[in-house]
Amino acid sequence: MNKKEIDKLLCGIGVDSFNRFDAFLKIKERINGKNYWYALRRSYEMSDNLLKFSEIIKDCFLKNEPQKKYLMDSEELAYFNSLPNEIKIYRGMTENELKQENFGCSWTLKKEIADFFANTYCRNFDTRHLKKVVHELTIKKSEAIAFFNSREEFEIIYINNISTK
């Protein structure tokens, strides 16, 4: 399956931001290498309300699949490589997520962006009625999985409970 076929399945008729990750899950076993990473990133970035997929998403990003470097484009990789060995990351989350310490994997390098997702973003329907906070962590850059910036969110993919997988 090539990128054009992947895009057709992830962005075709009847696929929207609320069922796009379902579409990825239906094809993920049929793709590999850089096409797997392309499809994962594309479906993840273009989806809303992913709470029910939290653990599956972590497994997808942790998959031992070749060519993981294709998660980032060349500009993102250069920016990521320029970061210091320790980075401060932020996440807008529910108080319950903070209490459980089983965090989602989308973080940002910018506190104001985390604040937006905690207090303004309205497309996470499963959590919009819950009290939100912004949480800050300092991690080793080597613990981050990727840096995405196509939406100018300075997004860091980080999974805090890797050792439990």
# chains A, B, ... in the order shown; residues from 1 in each chain; ligands from 1
>>> select_by_dssp(residues="range 34-88 of chain A", states="helix (DSSP H, G or I)", output="ChimeraX atom specification")
/A:34-45,51-62,68-71,74-82
>>> closest_atom_pairs(of="range 50-123 of chain A", to="range 27-35 of chain A", cutoff="12 Å", atoms="only C-alpha atoms", output="CSV")
residue,atom,partner,partner_atom,distance
A:Ile56,CA,A:Lys28,CA,11.7
A:Ile57,CA,A:Lys28,CA,11.8
A:Asp59,CA,A:Lys28,CA,12.0
A:Cys60,CA,A:Lys28,CA,9.0
A:Phe61,CA,A:Lys28,CA,11.9
A:Lys63,CA,A:Asn32,CA,10.6
A:Asn64,CA,A:Gly33,CA,9.8
A:Glu65,CA,A:Gly33,CA,6.0
A:Pro66,CA,A:Gly33,CA,5.0
A:Gln67,CA,A:Gly33,CA,5.4
A:Lys68,CA,A:Lys34,CA,6.8
A:Lys69,CA,A:Lys34,CA,8.1
A:Tyr70,CA,A:Lys34,CA,5.7
A:Leu71,CA,A:Lys34,CA,7.9
A:Met72,CA,A:Lys34,CA,10.6
A:Asp73,CA,A:Lys34,CA,11.6
>>> write_last_selection(atoms="C-alpha atoms", output="short mmCIF file (atom, residue, chain, number, x, y, z; two decimals), in the first residue's frame")
data_model
loop_
_atom_site.label_atom_id
_atom_site.label_comp_id
_atom_site.auth_asym_id
_atom_site.auth_seq_id
_atom_site.Cartn_x
_atom_site.Cartn_y
_atom_site.Cartn_z
CA ILE A 56 -3.57 1.51 21.45
CA ILE A 57 -1.94 4.77 20.33
CA ASP A 59 1.41 0.68 21.36
CA CYS A 60 1.37 2.03 17.80
CA PHE A 61 4.09 4.61 18.54
CA LYS A 63 5.88 -0.59 17.63
CA ASN A 64 9.17 -2.11 16.61
CA GLU A 65 8.74 -1.16 12.97
CA PRO A 66 11.68 -0.21 10.73
CA GLN A 67 12.23 3.32 9.39
CA LYS A 68 10.77 5.14 12.41
CA LYS A 69 12.80 8.19 11.36
CA TYR A 70 10.02 8.87 8.84
CA LEU A 71 7.71 10.02 11.64
CA MET A 72 9.38 13.44 11.32
CA ASP A 73 10.11 15.47 8.22
#
>>> closest_residue(among="A:Met1, A:Ala144, A:Ile6, A:Met46", to="Arg20 in chain A", atoms="only C-alpha atoms")
A:Met46
>>> residues_around(residues="range 153-163 of chain A", least_positions_apart="2", cutoff="8 Å", atoms="only C-alpha atoms", output="PyMOL selection string")
chain A and resi 58+89+102-110+113+143-151+165
>>> select_by_dssp(residues="range 33-148 of chain A", states="strand (DSSP E or B)", output="list in words")
Glu86, Ile87, Lys88, Ile89, Tyr90, Arg91, Gly92, Met93, Thr94, Ser106, Trp107, Thr108, Lys132, Val133, Val134, His135, Glu136, Leu137, Thr138, Ile139, Lys140, Ala144, Ile145, Ala146, Phe147 and Phe148 of chain A
